[in-house]
file upload17.cif (mmCIF, C-alpha atoms)
data_query
#
loop_
_atom_site.label_atom_id
_atom_site.label_comp_id
_atom_site.auth_asym_id
_atom_site.auth_seq_id
_atom_site.Cartn_x
_atom_site.Cartn_y
_atom_site.Cartn_z
CA MET A 1 -24.28 208.10 118.20
CA MET A 2 -26.47 205.49 116.54
CA GLU A 3 -29.73 206.80 115.10
CA LEU A 4 -33.00 204.90 115.41
CA ASN A 5 -33.61 205.16 111.68
CA SER A 6 -30.20 203.60 110.97
CA LEU A 7 -31.01 200.71 113.29
CA ARG A 8 -34.37 200.15 111.61
CA GLN A 9 -32.69 200.17 108.21
CA PHE A 10 -30.10 197.67 109.44
CA LEU A 11 -32.88 195.29 110.52
CA VAL A 12 -34.39 195.34 107.04
CA VAL A 13 -31.02 194.61 105.41
CA ALA A 14 -30.41 191.85 107.97
CA ARG A 15 -33.79 190.27 107.21
CA LEU A 16 -33.48 190.40 103.42
CA GLU A 17 -29.69 190.00 103.15
CA HIS A 18 -29.92 191.99 99.94
CA LEU A 19 -29.11 195.69 99.64
CA SER A 20 -31.15 196.56 96.55
CA ARG A 21 -34.30 194.78 97.81
CA ALA A 22 -33.87 196.42 101.22
CA ALA A 23 -33.48 199.83 99.55
CA ASP A 24 -36.67 199.22 97.55
CA GLU A 25 -38.62 198.23 100.67
CA LEU A 26 -37.30 201.22 102.62
CA ARG A 27 -37.69 203.55 99.62
CA VAL A 28 -34.19 204.91 99.93
CA ALA A 29 -31.30 205.04 97.48
CA GLN A 30 -29.03 201.99 97.63
CA PRO A 31 -25.80 204.07 97.96
CA SER A 32 -27.33 205.87 100.94
CA LEU A 33 -28.29 202.55 102.55
CA SER A 34 -24.78 201.19 101.95
CA ARG A 35 -23.30 204.22 103.72
CA THR A 36 -25.68 203.72 106.67
CA ILE A 37 -24.53 200.12 107.12
CA ALA A 38 -20.89 201.14 106.74
CA ARG A 39 -21.29 203.82 109.45
CA LEU A 40 -22.83 201.29 111.82
CA GLU A 41 -19.97 198.87 111.24
CA SER A 42 -17.46 201.67 111.80
CA GLU A 43 -19.12 202.67 115.10
CA LEU A 44 -19.20 199.04 116.26
CA GLY A 45 -15.66 198.34 115.11
CA ALA A 46 -16.66 195.10 113.35
CA PRO A 47 -18.27 194.04 110.07
CA LEU A 48 -21.88 192.88 110.36
CA PHE A 49 -22.11 191.11 106.99
CA ASP A 50 -20.08 188.63 105.02
CA ARG A 51 -19.63 190.20 101.60
CA SER A 52 -17.87 187.31 99.83
CA GLY A 53 -20.42 186.54 97.16
CA ARG A 54 -24.00 187.07 98.34
CA LEU A 55 -24.51 189.42 101.29
CA ARG A 56 -24.84 187.34 104.46
CA LEU A 57 -25.31 188.32 108.09
CA ASN A 58 -22.25 187.14 110.05
CA ASP A 59 -22.04 186.08 113.71
CA ALA A 60 -21.51 189.66 114.91
CA GLY A 61 -24.40 190.80 112.74
CA ARG A 62 -26.75 188.18 114.17
CA LEU A 63 -25.74 189.14 117.72
CA PHE A 64 -26.29 192.84 117.00
CA ARG A 65 -29.61 192.14 115.22
CA ASP A 66 -30.98 190.34 118.29
CA HIS A 67 -30.04 193.24 120.58
CA VAL A 68 -31.48 195.82 118.16
CA ASP A 69 -34.68 193.79 117.87
CA ARG A 70 -35.12 193.80 121.64
CA ALA A 71 -34.17 197.47 122.05
CA LEU A 72 -36.56 198.73 119.40
CA GLY A 73 -39.22 196.37 120.71
CA GLU A 74 -38.94 197.90 124.18
CA LEU A 75 -39.20 201.41 122.71
CA GLU A 76 -42.33 200.39 120.80
CA ALA A 77 -43.78 198.80 123.94
CA GLY A 78 -43.19 202.05 125.80
CA ARG A 79 -44.84 204.09 123.07
CA ARG A 80 -47.88 201.81 123.12
CA ALA A 81 -48.13 201.93 126.91
CA VAL A 82 -48.20 205.73 126.82
CA ALA A 83 -50.75 205.70 123.97
CA ALA A 84 -52.97 203.29 125.91
CA THR A 85 -52.83 205.53 128.99
CA ALA A 86 -53.65 208.60 126.91
CA SER A 87 -56.62 206.85 125.29
CA GLY A 88 -58.08 205.66 128.58
CA GLY A 89 -56.50 202.20 128.48
CA ALA A 90 -58.24 200.80 125.37
CA GLY A 91 -55.00 200.20 123.51
CA THR A 92 -54.10 198.15 120.45
CA VAL A 93 -53.51 194.45 119.85
CA ARG A 94 -51.35 193.23 116.94
CA LEU A 95 -52.00 189.71 115.69
CA ALA A 96 -49.99 187.95 112.98
CA SER A 97 -51.22 184.83 111.24
CA GLU A 98 -50.69 182.71 108.15
CA THR A 99 -54.45 182.74 107.54
CA PHE A 100 -57.30 184.75 109.04
CA LEU A 101 -60.19 182.58 107.84
CA THR A 102 -59.71 180.37 110.92
CA LEU A 103 -59.86 183.37 113.25
CA THR A 104 -62.95 185.24 112.10
CA GLY A 105 -65.12 183.84 114.92
CA PRO A 106 -62.94 184.79 117.89
CA LEU A 107 -61.93 188.09 116.27
CA ALA A 108 -65.57 189.09 115.84
CA ALA A 109 -66.36 188.07 119.44
CA TYR A 110 -63.37 190.05 120.74
CA LYS A 111 -64.39 193.18 118.82
CA ARG A 112 -67.94 192.96 120.16
CA ALA A 113 -66.63 192.64 123.72
CA HIS A 114 -63.93 195.33 123.36
CA PRO A 115 -65.11 197.79 120.68
CA ALA A 116 -62.64 200.52 121.70
CA VAL A 117 -59.57 198.33 121.13
CA GLU A 118 -57.86 198.70 117.77
CA ILE A 119 -57.03 195.32 116.18
CA GLN A 120 -54.11 195.26 113.76
CA LEU A 121 -53.82 192.12 111.61
CA HIS A 122 -50.58 191.17 109.88
CA TRP A 123 -50.09 188.32 107.43
CA SER A 124 -46.74 186.69 108.14
CA PRO A 125 -44.97 183.47 107.17
CA ALA A 126 -44.19 181.21 110.12
CA GLU A 127 -40.43 181.58 109.73
CA ASP A 128 -40.67 185.33 110.53
CA MET A 129 -42.91 185.01 113.57
CA ALA A 130 -40.38 184.14 116.28
CA ARG A 131 -38.30 187.18 115.36
CA ARG A 132 -41.35 189.44 115.24
CA LEU A 133 -42.53 188.27 118.66
CA ARG A 134 -39.13 188.70 120.31
CA ALA A 135 -38.83 192.16 118.75
CA GLN A 136 -42.35 193.03 120.02
CA ASP A 137 -43.28 193.88 116.45
CA VAL A 138 -46.47 191.87 117.08
CA ASP A 139 -48.13 190.65 120.29
CA LEU A 140 -49.55 187.29 119.23
CA CYS A 141 -49.05 184.88 116.34
CA VAL A 142 -51.24 182.04 115.08
CA THR A 143 -49.50 179.38 112.98
CA SER A 144 -50.68 176.29 111.16
CA GLN A 145 -47.62 174.36 112.34
CA PRO A 146 -45.91 174.88 115.73
CA ILE A 147 -42.85 177.14 115.93
CA HIS A 148 -39.92 175.54 117.71
CA ALA A 149 -37.89 178.51 118.92
CA ALA A 150 -36.45 179.67 122.22
CA GLY A 151 -38.15 182.48 124.10
CA LEU A 152 -41.72 181.68 123.04
CA GLU A 153 -44.74 180.36 124.87
CA SER A 154 -47.63 178.70 123.07
CA ALA A 155 -51.11 177.19 123.35
CA ARG A 156 -52.35 174.50 120.98
CA LEU A 157 -55.77 175.48 119.60
CA PHE A 158 -56.74 172.47 117.49
CA GLU A 159 -55.46 169.83 115.08
CA GLU A 160 -57.21 168.76 111.90
CA ALA A 161 -56.84 166.87 108.64
CA VAL A 162 -55.89 168.59 105.42
CA GLY A 163 -57.50 167.02 102.37
CA VAL A 164 -57.49 167.60 98.63
CA ALA A 165 -60.24 169.47 96.79
CA MET A 166 -61.21 168.84 93.16
CA ARG A 167 -64.17 169.18 90.80
CA LEU A 168 -67.00 166.73 91.31
CA ASP A 169 -66.37 165.25 87.84
CA HIS A 170 -62.64 164.66 88.48
CA PRO A 171 -61.63 160.98 87.98
CA LEU A 172 -60.52 160.73 91.64
CA ALA A 173 -63.60 162.44 93.09
CA GLY A 174 -65.53 159.21 93.71
CA ARG A 175 -62.89 157.70 96.00
CA ALA A 176 -63.13 157.58 99.78
CA SER A 177 -59.53 158.84 100.05
CA VAL A 178 -56.38 159.29 97.97
CA SER A 179 -52.67 158.70 98.51
CA VAL A 180 -49.85 161.10 97.70
CA ASP A 181 -48.82 158.73 94.90
CA ASP A 182 -52.31 159.12 93.40
CA LEU A 183 -51.67 162.86 93.22
CA ALA A 184 -48.19 162.68 91.68
CA ASP A 185 -49.19 163.74 88.14
CA GLN A 186 -52.08 166.00 89.08
CA PRO A 187 -51.95 169.77 88.41
CA PHE A 188 -51.94 171.68 91.72
CA ILE A 189 -53.26 175.14 92.41
CA THR A 190 -51.67 176.36 95.61
CA ALA A 191 -50.26 179.29 97.55
CA ARG A 192 -46.86 180.85 97.06
CA LYS A 193 -43.76 179.67 98.92
CA GLY A 194 -43.87 180.67 102.59
CA HIS A 195 -47.58 179.91 103.05
CA TRP A 196 -48.25 176.96 105.35
CA ILE A 197 -50.29 175.02 102.79
CA ARG A 198 -47.49 175.30 100.23
CA ARG A 199 -44.93 174.11 102.75
CA LEU A 200 -47.14 171.14 103.59
CA LEU A 201 -47.58 170.26 99.90
CA ASP A 202 -43.83 170.44 99.29
CA ARG A 203 -43.10 168.30 102.38
CA LEU A 204 -45.56 165.58 101.37
CA PHE A 205 -43.90 165.15 97.99
CA ALA A 206 -40.31 165.65 99.22
CA ALA A 207 -40.79 162.69 101.59
CA ARG A 208 -41.16 160.57 98.43
CA ASP A 209 -38.30 162.30 96.57
CA GLN A 210 -40.85 163.95 94.30
CA ALA A 211 -42.09 167.44 93.60
CA PRO A 212 -45.71 168.50 93.08
CA ARG A 213 -46.78 169.59 89.60
CA ILE A 214 -47.80 173.19 90.28
CA VAL A 215 -49.71 175.02 87.55
CA CYS A 216 -50.73 178.09 89.53
CA GLU A 217 -49.48 179.96 92.62
CA SER A 218 -51.72 182.57 94.20
CA ASP A 219 -51.93 184.70 97.35
CA GLU A 220 -55.73 184.79 97.10
CA PRO A 221 -57.52 181.87 98.82
CA SER A 222 -60.77 182.74 97.07
CA ALA A 223 -59.02 182.65 93.68
CA ILE A 224 -57.51 179.23 94.48
CA ALA A 225 -60.96 177.90 95.35
CA GLU A 226 -62.49 179.35 92.18
CA LEU A 227 -59.75 177.90 89.96
CA ILE A 228 -60.17 174.46 91.55
CA GLY A 229 -63.92 174.72 90.99
CA ALA A 230 -63.29 175.67 87.36
CA GLY A 231 -61.39 172.40 86.87
CA LEU A 232 -57.96 173.95 86.30
CA GLY A 233 -56.35 171.82 89.00
CA ILE A 234 -56.65 170.39 92.50
CA GLY A 235 -55.42 171.76 95.82
CA LEU A 236 -54.95 171.09 99.51
CA VAL A 237 -57.76 172.44 101.71
CA PRO A 238 -57.97 172.17 105.53
CA ALA A 239 -61.00 170.50 107.09
CA PHE A 240 -61.85 173.83 108.79
CA ALA A 241 -62.97 175.19 105.41
CA LEU A 242 -65.65 172.49 105.20
CA ARG A 243 -67.63 173.72 108.18
CA GLY A 244 -71.20 174.30 107.04
CA ALA A 245 -70.71 172.40 103.75
CA PRO A 246 -72.40 169.05 102.93
CA PRO A 247 -70.41 165.90 103.89
CA GLY A 248 -67.52 165.27 101.50
CA ALA A 249 -67.88 168.66 99.84
CA ALA A 250 -65.90 171.86 99.99
CA PRO A 251 -67.08 175.44 99.34
CA GLY A 252 -67.93 175.97 95.68
CA GLY A 253 -69.45 172.52 95.25
CA VAL A 254 -66.14 170.71 94.76
CA ALA A 255 -65.27 167.33 96.27
CA TRP A 256 -62.98 167.06 99.30
CA LEU A 257 -61.06 163.81 99.91
CA PRO A 258 -58.87 162.80 102.86
CA VAL A 259 -55.21 162.06 102.03
CA ASP A 260 -53.82 158.72 103.22
CA SER A 261 -50.83 160.24 105.04
CA PRO A 262 -50.44 160.90 108.76
CA ASP A 263 -48.43 164.00 107.83
CA CYS A 264 -51.27 165.63 105.89
CA ARG A 265 -52.53 167.56 108.90
CA ARG A 266 -52.11 170.93 110.51
CA THR A 267 -51.81 171.93 114.15
CA VAL A 268 -53.05 175.47 114.77
CA THR A 269 -51.11 177.10 117.60
CA LEU A 270 -51.10 180.49 119.32
CA HIS A 271 -47.66 181.89 120.22
CA TRP A 272 -46.44 184.86 122.25
CA SER A 273 -43.09 186.01 123.63
CA ALA A 274 -42.09 184.57 126.99
CA ASP A 275 -40.02 187.69 127.73
CA GLY A 276 -42.47 190.34 126.59
CA HIS A 277 -44.99 192.15 128.77
CA LEU A 278 -48.30 191.69 126.97
CA PRO A 279 -50.53 194.76 127.06
CA THR A 280 -53.98 194.31 128.54
CA ALA A 281 -55.60 194.31 125.08
CA ALA A 282 -53.30 191.48 123.95
CA ARG A 283 -53.90 189.44 127.11
CA LEU A 284 -57.65 189.73 126.53
CA MET A 285 -57.19 188.64 122.92
CA ARG A 286 -55.11 185.64 124.05
CA ALA A 287 -57.87 184.64 126.49
CA THR A 288 -60.52 184.96 123.76
CA ILE A 289 -58.59 182.79 121.28
CA THR A 290 -57.53 180.10 123.76
CA GLY A 291 -61.02 179.98 125.29
CA TRP A 292 -62.79 179.64 121.94
CA ASP A 293 -64.68 176.44 121.21
CA TRP A 294 -62.70 175.06 118.26
CA SER A 295 -64.62 171.78 118.00
CA PRO A 296 -66.03 171.03 114.49
CA GLY A 297 -69.66 171.27 115.61
CA ALA A 298 -69.27 174.60 117.38
#
call {"tool": "encode", "arguments": {"input": "upload17.cif", "output": "structure tokens"}}
result
Amino acid sequence: MMELNSLRQFLVVARLEHLSRAADELRVAQPSLSRTIARLESELGAPLFDRSGRLRLNDAGRLFRDHVDRALGELEAGRRAVAATASGGAGTVRLASETFLTLTGPLAAYKRAHPAVEIQLHWSPAEDMARRLRAQDVDLCVTSQPIHAAGLESARLFEEAVGVAMRLDHPLAGRASVSVDDLADQPFITARKGHWIRRLLDRLFAARDQAPRIVCESDEPSAIAELIGAGLGIGLVPAFALRGAPPGAAPGGVAWLPVDSPDCRRTVTLHWSADGHLPTAARLMRATITGWDWSPGA
């Protein structure tokens, strides 16, 4: 009989495709985790991983992972439905995003309108969001580039330019705009791999068979802004961050220049599972976000 804990452990191994990292995340001994996976494979009568070289999920493993995702998702949905009933229907809404700066307005409005609802926020890279939605691990996801995956529904919130920020005394700061070629030898301060702004930076340079010169990677947006302001490098900044700042300026008194590339943009999109049954709290959150006035002057 398969145990729920074994299935949850399998999902972590399937996501990381690495036993020692999965054991660290789960805080269990690696030999114990190996035995758990072996028992599952014995019960199923088929291997779930390709072990020639690096551990890889095989076709049977991917099929089983999708079923386990849905099964555990349904159990979690049931638990939340009972909890919402017991608490008088207030419930919880779980929102994943690549950045929460964009969402502070609608989140504050939602909390004022529904103070009894618990809001859980999860940072997540875009590549994990489709799986998390299908597994009902989260209710809603906001991405800075659309997710193209089966089983999801979406609503486009807004599209905007992404420019480059630099100190006011930088040699490029006086220009009306810059090209990617102008930025080829510049030191970049950016986010770690997986963050949307890092993926955009890598794509812009890869299209020219180049790579950006990265001098600092950080998970802290405020630290990135401070380091750019200190003159340690330049960085991509979405136009949304300029709201309330003087024309042509970014927070911290640095210059912000458009990039002469039609690809240097982001499209902010809300996603949810087409197969899931959104709780009332999540449906209200979806209505708040899609009904928000995202225009620059709002």
call {"tool": "resolve_selection", "arguments": {"input": "upload17.cif", "expression": "the PyMOL selection byres ((chain A and resi 168) around 8)", "output": "PyMOL selection string"}}
result
chain A and resi 166-167+169-170+173+253-255
call {"tool": "write_last_selection", "arguments": {"input": "upload17.cif", "atoms": "C-alpha atoms", "output": "short mmCIF file (atom, residue, chain, number, x, y, z; two decimals), in the frame of the given file"}}
result
data_model
loop_
_atom_site.label_atom_id
_atom_site.label_comp_id
_atom_site.auth_asym_id
_atom_site.auth_seq_id
_atom_site.Cartn_x
_atom_site.Cartn_y
_atom_site.Cartn_z
CA MET A 166 -61.21 168.84 93.16
CA ARG A 167 -64.17 169.18 90.80
CA ASP A 169 -66.37 165.25 87.84
CA HIS A 170 -62.64 164.66 88.48
CA ALA A 173 -63.60 162.44 93.09
CA GLY A 253 -69.45 172.52 95.25
CA VAL A 254 -66.14 170.71 94.76
CA ALA A 255 -65.27 167.33 96.27
#
call {"tool": "resolve_selection", "arguments": {"input": "upload17.cif", "expression": "the PyMOL selection byres ((chain A and resi 181-191) around 9)", "output": "compact mmCIF listing (two decimals) with C-alpha atoms, keeping the file's coordinate frame"}}
result
# COMPACT_ATOMS: atom_id res chain seq x y z
CA LEU A 172 -60.52 160.73 91.64
CA VAL A 178 -56.38 159.29 97.97
CA SER A 179 -52.67 158.70 98.51
CA VAL A 180 -49.85 161.10 97.70
CA ARG A 192 -46.86 180.85 97.06
CA LYS A 193 -43.76 179.67 98.92
CA GLY A 194 -43.87 180.67 102.59
CA HIS A 195 -47.58 179.91 103.05
CA TRP A 196 -48.25 176.96 105.35
CA ILE A 197 -50.29 175.02 102.79
CA ARG A 198 -47.49 175.30 100.23
CA LEU A 201 -47.58 170.26 99.90
CA PHE A 205 -43.90 165.15 97.99
CA ARG A 208 -41.16 160.57 98.43
CA GLN A 210 -40.85 163.95 94.30
CA ALA A 211 -42.09 167.44 93.60
CA PRO A 212 -45.71 168.50 93.08
CA ARG A 213 -46.78 169.59 89.60
CA ILE A 214 -47.80 173.19 90.28
CA VAL A 215 -49.71 175.02 87.55
CA CYS A 216 -50.73 178.09 89.53
CA GLU A 217 -49.48 179.96 92.62
CA SER A 218 -51.72 182.57 94.20
CA ASP A 219 -51.93 184.70 97.35
CA GLU A 220 -55.73 184.79 97.10
CA PRO A 221 -57.52 181.87 98.82
CA ILE A 224 -57.51 179.23 94.48
CA ALA A 225 -60.96 177.90 95.35
CA LEU A 227 -59.75 177.90 89.96
CA ILE A 228 -60.17 174.46 91.55
CA LEU A 232 -57.96 173.95 86.30
CA GLY A 233 -56.35 171.82 89.00
CA ILE A 234 -56.65 170.39 92.50
CA GLY A 235 -55.42 171.76 95.82
CA LEU A 236 -54.95 171.09 99.51
call {"tool": "resolve_selection", "arguments": {"input": "upload17.cif", "expression": "the PyMOL selection byres ((chain A and resi 289) around 9)", "output": "number ranges by chain"}}
result
A: 103, 106-107, 110, 157, 270, 284-288, 290-293
call {"tool": "write_last_selection", "arguments": {"input": "upload17.cif", "atoms": "C-alpha atoms", "output": "compact mmCIF listing (two decimals), keeping the file's coordinate frame"}}
result
# COMPACT_ATOMS: atom_id res chain seq x y z
CA LEU A 103 -59.86 183.37 113.25
CA PRO A 106 -62.94 184.79 117.89
CA LEU A 107 -61.93 188.09 116.27
CA TYR A 110 -63.37 190.05 120.74
CA LEU A 157 -55.77 175.48 119.60
CA LEU A 270 -51.10 180.49 119.32
CA LEU A 284 -57.65 189.73 126.53
CA MET A 285 -57.19 188.64 122.92
CA ARG A 286 -55.11 185.64 124.05
CA ALA A 287 -57.87 184.64 126.49
CA THR A 288 -60.52 184.96 123.76
CA THR A 290 -57.53 180.10 123.76
CA GLY A 291 -61.02 179.98 125.29
CA TRP A 292 -62.79 179.64 121.94
CA ASP A 293 -64.68 176.44 121.21
call {"tool": "atom_distance", "arguments": {"input": "upload17.cif", "atom1": "CA of Glu160 in chain A", "atom2": "CA of Gly174 in chain A"}}
result
22.2 Å
call {"tool": "closest_atom_pairs", "arguments": {"input": "upload17.cif", "of": "range 57-142 of chain A", "to": "range 38-45 of chain A", "cutoff": "10 Å", "atoms": "only C-alpha atoms", "output": "CSV"}}
result
residue,atom,partner,partner_atom,distance
A:Ala60,CA,A:Leu44,CA,9.8
A:Gly61,CA,A:Glu41,CA,9.3
A:Phe64,CA,A:Leu44,CA,9.4
call {"tool": "closest_residue", "arguments": {"input": "upload17.cif", "among": "A:Arg54, A:Arg94, A:His277, A:Arg132", "to": "Gln120 in chain A", "atoms": "only C-alpha atoms"}}
result
A:Arg94
call {"tool": "atom_distance", "arguments": {"input": "upload17.cif", "atom1": "CA of Asp263 in chain A", "atom2": "CA of Thr143 in chain A"}}
result
16.3 Å
call {"tool": "atom_distance", "arguments": {"input": "upload17.cif", "atom1": "CA of Pro279 in chain A", "atom2": "CA of Ser295 in chain A"}}
result
28.4 Å
call {"tool": "closest_residue", "arguments": {"input": "upload17.cif", "among": "A:Ala14, A:Ala161, A:Cys264, A:Leu4", "to": "Asn58 in chain A", "atoms": "only C-alpha atoms"}}
result
A:Ala14
call {"tool": "residues_around", "arguments": {"input": "upload17.cif", "residues": "Val12 in chain A", "least_positions_apart": "2", "cutoff": "12 Å", "atoms": "only C-alpha atoms", "output": "PyMOL selection string"}}
result
chain A and resi 5-10+14-28+33+37+57+65+68-69
call {"tool": "residues_around", "arguments": {"input": "upload17.cif", "residues": "Ala96 in chain A", "least_positions_apart": "4", "cutoff": "6 Å", "atoms": "only C-alpha atoms", "output": "list in words"}}
result
Leu121, His122, Trp123, Ser124 and Cys141 of chain A
call {"tool": "closest_residue", "arguments": {"input": "upload17.cif", "among": "A:Leu152, A:Ser261, A:Gly105, A:Arg56", "to": "Ala207 in chain A", "atoms": "all atoms listed in the file"}}
result
A:Ser261
call {"tool": "residues_around", "arguments": {"input": "upload17.cif", "residues": "Met129 in chain A", "least_positions_apart": "5", "cutoff": "12 Å", "atoms": "only C-alpha atoms", "output": "PyMOL selection string"}}
result
chain A and resi 95-98+122-124+134-149+151-152+194+270-273
call {"tool": "closest_residue", "arguments": {"input": "upload17.cif", "among": "A:Pro258, A:Glu3, A:Ala165, A:Phe100", "to": "Glu226 in chain A", "atoms": "all atoms listed in the file"}}
result
A:Ala165
call {"tool": "decode", "arguments": {"input": "upload17.cif", "residues": "range 287-295 of chain A", "atoms": "all heavy atoms", "output": "tab-separated table (two decimals), in the first residue's frame"}}
result
chain	number	residue	atom	x	y	z
A	287	ALA	N	-10.66	37.75	-9.72
A	287	ALA	CA	-11.47	38.89	-10.16
A	287	ALA	C	-10.80	40.21	-9.79
A	287	ALA	O	-10.83	41.17	-10.57
A	287	ALA	CB	-12.86	38.81	-9.54
A	288	THR	N	-10.17	40.28	-8.62
A	288	THR	CA	-9.49	41.51	-8.20
A	288	THR	C	-8.32	41.82	-9.12
A	288	THR	O	-8.13	42.96	-9.55
A	288	THR	CB	-8.99	41.38	-6.75
A	288	THR	OG1	-10.11	41.15	-5.89
A	288	THR	CG2	-8.25	42.63	-6.31
A	289	ILE	N	-7.52	40.80	-9.45
A	289	ILE	CA	-6.32	41.02	-10.26
A	289	ILE	C	-6.69	41.35	-11.71
A	289	ILE	O	-6.15	42.28	-12.31
A	289	ILE	CB	-5.39	39.79	-10.20
A	289	ILE	CG1	-4.83	39.64	-8.79
A	289	ILE	CG2	-4.25	39.91	-11.22
A	289	ILE	CD1	-4.01	38.38	-8.57
A	290	THR	N	-7.64	40.60	-12.28
A	290	THR	CA	-8.01	40.86	-13.67
A	290	THR	C	-8.78	42.16	-13.82
A	290	THR	O	-8.76	42.79	-14.88
A	290	THR	CB	-8.85	39.70	-14.25
A	290	THR	OG1	-9.99	39.48	-13.41
A	290	THR	CG2	-8.02	38.42	-14.32
A	291	GLY	N	-9.48	42.60	-12.76
A	291	GLY	CA	-10.23	43.84	-12.83
A	291	GLY	C	-9.44	45.08	-12.42
A	291	GLY	O	-9.97	46.19	-12.47
A	292	TRP	N	-8.18	44.90	-12.07
A	292	TRP	CA	-7.36	46.02	-11.63
A	292	TRP	C	-7.03	46.93	-12.81
A	292	TRP	O	-6.85	46.46	-13.94
A	292	TRP	CB	-6.07	45.48	-11.01
A	292	TRP	CG	-5.25	46.51	-10.29
A	292	TRP	CD1	-4.07	47.06	-10.71
A	292	TRP	CD2	-5.54	47.08	-9.03
A	292	TRP	NE1	-3.60	47.95	-9.79
A	292	TRP	CE2	-4.48	47.99	-8.73
A	292	TRP	CE3	-6.56	46.93	-8.10
A	292	TRP	CZ2	-4.44	48.73	-7.54
A	292	TRP	CZ3	-6.52	47.67	-6.93
A	292	TRP	CH2	-5.49	48.55	-6.66
A	293	ASP	N	-6.92	48.21	-12.56
A	293	ASP	CA	-6.53	49.16	-13.59
A	293	ASP	C	-5.01	49.18	-13.68
A	293	ASP	O	-4.32	49.80	-12.87
A	293	ASP	CB	-7.06	50.57	-13.24
A	293	ASP	CG	-6.76	51.58	-14.35
A	293	ASP	OD1	-6.12	51.21	-15.35
A	293	ASP	OD2	-7.16	52.74	-14.20
A	294	TRP	N	-4.47	48.50	-14.70
A	294	TRP	CA	-3.03	48.36	-14.85
A	294	TRP	C	-2.41	49.47	-15.70
A	294	TRP	O	-1.22	49.43	-15.98
A	294	TRP	CB	-2.69	47.00	-15.48
A	294	TRP	CG	-3.05	45.84	-14.60
A	294	TRP	CD1	-4.14	45.05	-14.71
A	294	TRP	CD2	-2.32	45.38	-13.45
A	294	TRP	NE1	-4.15	44.10	-13.70
A	294	TRP	CE2	-3.03	44.29	-12.92
A	294	TRP	CE3	-1.14	45.80	-12.83
A	294	TRP	CZ2	-2.60	43.60	-11.80
A	294	TRP	CZ3	-0.71	45.10	-11.71
A	294	TRP	CH2	-1.43	44.02	-11.20
A	295	SER	N	-3.19	50.45	-16.13
A	295	SER	CA	-2.65	51.50	-16.99
A	295	SER	C	-1.61	52.31	-16.22
A	295	SER	O	-1.71	52.47	-15.00
A	295	SER	CB	-3.77	52.41	-17.49
A	295	SER	OG	-4.44	53.02	-16.40
